[in-house]
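One structure is given here, and the rest of the page talks about it.
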Amino acid sequence: MSRVERFGLSAALTMPFDAALAIDLRAAIDHAKSCLQRGCSSVTLFGTTGEGSSIGALERQAVIKEFIAAGIEPSQIVVGIMANSHVDAAEQARFALDAGCRGILLAPPSYFKNVSDDGLFDWHSATFRAVGPDVRGVILYNLPSVTAVEISIDLVTRLREAFPNAIAGVKDSSGNWNYTEKMLARHNDLAILIGDERSLAGGVRLGGQGAISGLANLYPERLLRMIDEGRDDEEVVAAVNELVKYPVIPAVKAMVAHHRGEDGWRRTRGPLEALPEGDFKHLTTIFDRLFVAAAA
């Protein structure tokens, strides 16, 4: 992915479930189309915000097929890959790439702890070889707070050298600004995507190409201005500061439910739990004050 083809904004799509905890495809597709109509260049399925680790392989395939059948272009879909086995990761990736999807967001294996860069290099290499020679559009996912694995800057360099056509970018959700600066300096020809919206404008000013963002489920227009102008947004920063006081995924889903007026969006699959009613009311009050009152 070159500088000419700037990544832009991808909504880290939340995944709605019905009362039986099956994926609500209609609601998911409607929400994805809304995000795209509001300026997102793509939606990312099965990421952290989308509870990707709780979505089965056959479910993933069905969602991708239904999104495309509903008129969402494959080039508007990024697919999150979460697997400990390189065999499973490759199968998920191959299905997405064969369907023509824009790319994949590849999380590292996370069951075994204290793994080395050499071990991570071997796992990624095995995954890419299993996908095949047409592996492309890989966005490496640095989320150590969840995976307990850091994608080091040197590992990115090694993977790029070994698989020059595979790596398109890095999503940095570390919240470590020193790491972000170094990644942007070393790999500024990749799409370096800022996962923490509080650092988005600063990252763009240093050459970041955009974001895969959970907050894009709610306020893509605000985030697009940050990406296009490199200007901080105090309300966005305040909103994220509030969200991280709660379990983030249930909190984002609660806000989507509030905005869409569809309470079913609050459902999560175990082991996550929906945001309690008191927290839901508190958070919606704060967000309405930040965004609704400010727009009035």
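Residues in the structure tokens are numbered from 1 in each chain, the chains being A, B, ... in the order shown, and ligands are numbered from 1 in the order shown.
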Spatial neighbours of A:Arg186, 10 Å, only C-alpha atoms, chain gap at least 6 places, as a ChimeraX atom specification: /A:153-154,156-157
Residues within 8 Å of stretch 112-118 of chain A, only C-alpha atoms, excluding chain neighbours under 2 positions, as a PyMOL selection string: chain A and resi 109-110+120-122+148-149+152+155
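Distances from A:Gln209, A:Ser125, A:Thr147, A:Gln92 to A:Lys171 were compared using only C-alpha atoms, and the smallest one belongs to A:Gln209.
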All helix (DSSP H, G or I) residues (DSSP, backbone) inside stretch 43-252 of chain A, as a count of residues only: 108
Contacts of A:Trp265 at 6 Å (only C-alpha atoms; same-chain gap of 2+ positions) as an MDAnalysis selection string: chainID A and resid 16 253 257 263 267
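Atom CA of A:Val240 to atom CA of A:Leu283 spans 11.1 Å [interatomic distance, one decimal].
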Contacts of A:Thr180 at 9 Å (only C-alpha atoms; same-chain gap of 5+ positions) as a PyMOL selection string: chain A and resi 172+174-175+185+192+194+203
Strand (DSSP E or B) positions in stretch 135-281 of chain A, given as a PyMOL selection string: chain A and resi 138-142+167-172+191-194+210-213
Could those selected residues go to a file with N, CA and C atoms, as a PDB file, in the first residue's frame?
ATOM      1  N   VAL A 138      -1.436  -7.339   4.268  1.00  0.00           N
ATOM      2  CA  VAL A 138      -1.366  -7.717   5.678  1.00  0.00           C
ATOM      3  C   VAL A 138      -1.079  -6.486   6.537  1.00  0.00           C
ATOM      4  N   ILE A 139      -1.963  -6.223   7.475  1.00  0.00           N
ATOM      5  CA  ILE A 139      -1.748  -5.182   8.476  1.00  0.00           C
ATOM      6  C   ILE A 139      -1.420  -5.896   9.782  1.00  0.00           C
ATOM      7  N   LEU A 140      -0.189  -5.753  10.235  1.00  0.00           N
ATOM      8  CA  LEU A 140       0.229  -6.378  11.487  1.00  0.00           C
ATOM      9  C   LEU A 140      -0.417  -5.633  12.648  1.00  0.00           C
ATOM     10  N   TYR A 141      -0.863  -6.372  13.647  1.00  0.00           N
ATOM     11  CA  TYR A 141      -1.679  -5.802  14.723  1.00  0.00           C
ATOM     12  C   TYR A 141      -0.877  -5.808  16.019  1.00  0.00           C
ATOM     13  N   ASN A 142      -0.507  -4.625  16.482  1.00  0.00           N
ATOM     14  CA  ASN A 142       0.228  -4.481  17.737  1.00  0.00           C
ATOM     15  C   ASN A 142      -0.737  -4.054  18.838  1.00  0.00           C
ATOM     16  N   ILE A 167       3.316  -7.274   3.421  1.00  0.00           N
ATOM     17  CA  ILE A 167       3.008  -6.340   4.501  1.00  0.00           C
ATOM     18  C   ILE A 167       2.556  -4.997   3.939  1.00  0.00           C
ATOM     19  N   ALA A 168       1.338  -4.594   4.309  1.00  0.00           N
ATOM     20  CA  ALA A 168       0.797  -3.302   3.871  1.00  0.00           C
ATOM     21  C   ALA A 168       0.844  -2.254   4.969  1.00  0.00           C
ATOM     22  N   GLY A 169       0.847  -2.685   6.229  1.00  0.00           N
ATOM     23  CA  GLY A 169       0.809  -1.692   7.289  1.00  0.00           C
ATOM     24  C   GLY A 169       0.911  -2.310   8.664  1.00  0.00           C
ATOM     25  N   VAL A 170       0.803  -1.441   9.659  1.00  0.00           N
ATOM     26  CA  VAL A 170       0.796  -1.835  11.070  1.00  0.00           C
ATOM     27  C   VAL A 170      -0.298  -1.042  11.761  1.00  0.00           C
ATOM     28  N   LYS A 171      -1.157  -1.740  12.492  1.00  0.00           N
ATOM     29  CA  LYS A 171      -2.085  -1.045  13.378  1.00  0.00           C
ATOM     30  C   LYS A 171      -1.469  -1.033  14.764  1.00  0.00           C
ATOM     31  N   ASP A 172      -1.175   0.169  15.247  1.00  0.00           N
ATOM     32  CA  ASP A 172      -0.552   0.315  16.557  1.00  0.00           C
ATOM     33  C   ASP A 172      -1.592   0.725  17.586  1.00  0.00           C
ATOM     34  N   ALA A 191       1.423   1.806   5.691  1.00  0.00           N
ATOM     35  CA  ALA A 191       0.243   2.428   6.300  1.00  0.00           C
ATOM     36  C   ALA A 191       0.317   2.171   7.803  1.00  0.00           C
ATOM     37  N   ILE A 192       0.844   3.141   8.536  1.00  0.00           N
ATOM     38  CA  ILE A 192       0.889   3.042   9.993  1.00  0.00           C
ATOM     39  C   ILE A 192      -0.414   3.637  10.513  1.00  0.00           C
ATOM     40  N   LEU A 193      -1.198   2.805  11.186  1.00  0.00           N
ATOM     41  CA  LEU A 193      -2.551   3.169  11.600  1.00  0.00           C
ATOM     42  C   LEU A 193      -2.584   3.304  13.112  1.00  0.00           C
ATOM     43  N   ILE A 194      -3.175   4.385  13.572  1.00  0.00           N
ATOM     44  CA  ILE A 194      -3.170   4.716  14.991  1.00  0.00           C
ATOM     45  C   ILE A 194      -4.421   4.140  15.640  1.00  0.00           C
ATOM     46  N   GLY A 210      -3.851   6.930   8.813  1.00  0.00           N
ATOM     47  CA  GLY A 210      -5.252   6.836   9.197  1.00  0.00           C
ATOM     48  C   GLY A 210      -5.443   5.955  10.402  1.00  0.00           C
ATOM     49  N   ALA A 211      -6.587   5.254  10.443  1.00  0.00           N
ATOM     50  CA  ALA A 211      -6.935   4.484  11.632  1.00  0.00           C
ATOM     51  C   ALA A 211      -7.922   3.377  11.307  1.00  0.00           C
ATOM     52  N   ILE A 212      -7.816   2.293  12.058  1.00  0.00           N
ATOM     53  CA  ILE A 212      -8.899   1.323  12.208  1.00  0.00           C
ATOM     54  C   ILE A 212      -9.434   1.575  13.603  1.00  0.00           C
ATOM     55  N   SER A 213     -10.630   2.126  13.686  1.00  0.00           N
ATOM     56  CA  SER A 213     -11.076   2.758  14.925  1.00  0.00           C
ATOM     57  C   SER A 213     -12.431   2.254  15.392  1.00  0.00           C
TER      58      SER A 213
END
Selection near stretch 44-55 of chain A, 8 Å with only C-alpha atoms, sequence-local residues under 4 positions removed, as JSON, numbers by chain: {"A": [10, 11, 12, 13, 14, 15, 59, 60, 77, 78, 79, 80, 81, 82, 83, 105, 212, 214, 249, 252, 269, 270]}
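Put simply, atom CA of A:Ile151 is 9.4 Å away from atom CA of A:Ala107.
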Separation of atom CA of A:Gln37 from atom CA of A:Val256, in Å and rounded to one decimal: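 So the two atoms, atom CA of A:Gln37 and atom CA of A:Val256, lie 16.2 Å apart.
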Counting only C-alpha atoms, the option among A:Pro164, A:Gly8, A:Pro276, A:Gly119 closest to A:Pro250: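 Closest to A:Pro250 of all the choices is A:Pro276.
With only C-alpha atoms as the atoms that count, the minimum distance from A:Leu143 to the choices A:Pro247, A:Gly195, A:Gly100, A:Gly39 is reached by A:Gly195.
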Nearby residues (only C-alpha atoms) at most 8 Å from A:Leu21, same-chain spacing under 2 positions excluded, as a PyMOL selection string: chain A and resi 17-19+23+267-269
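Closest approach to A:Gly230 among A:Gly103, A:Ser199, A:Val244, A:Arg6: A:Ser199, based on only C-alpha atoms.
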Residue nearest A:Arg222 among A:Ala27, A:Ala239, A:Gln76, A:Gly207 (counting only C-alpha atoms):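 Nearest candidate to A:Arg222 out of A:Ala27, A:Ala239, A:Gln76, A:Gly207: A:Ala239.
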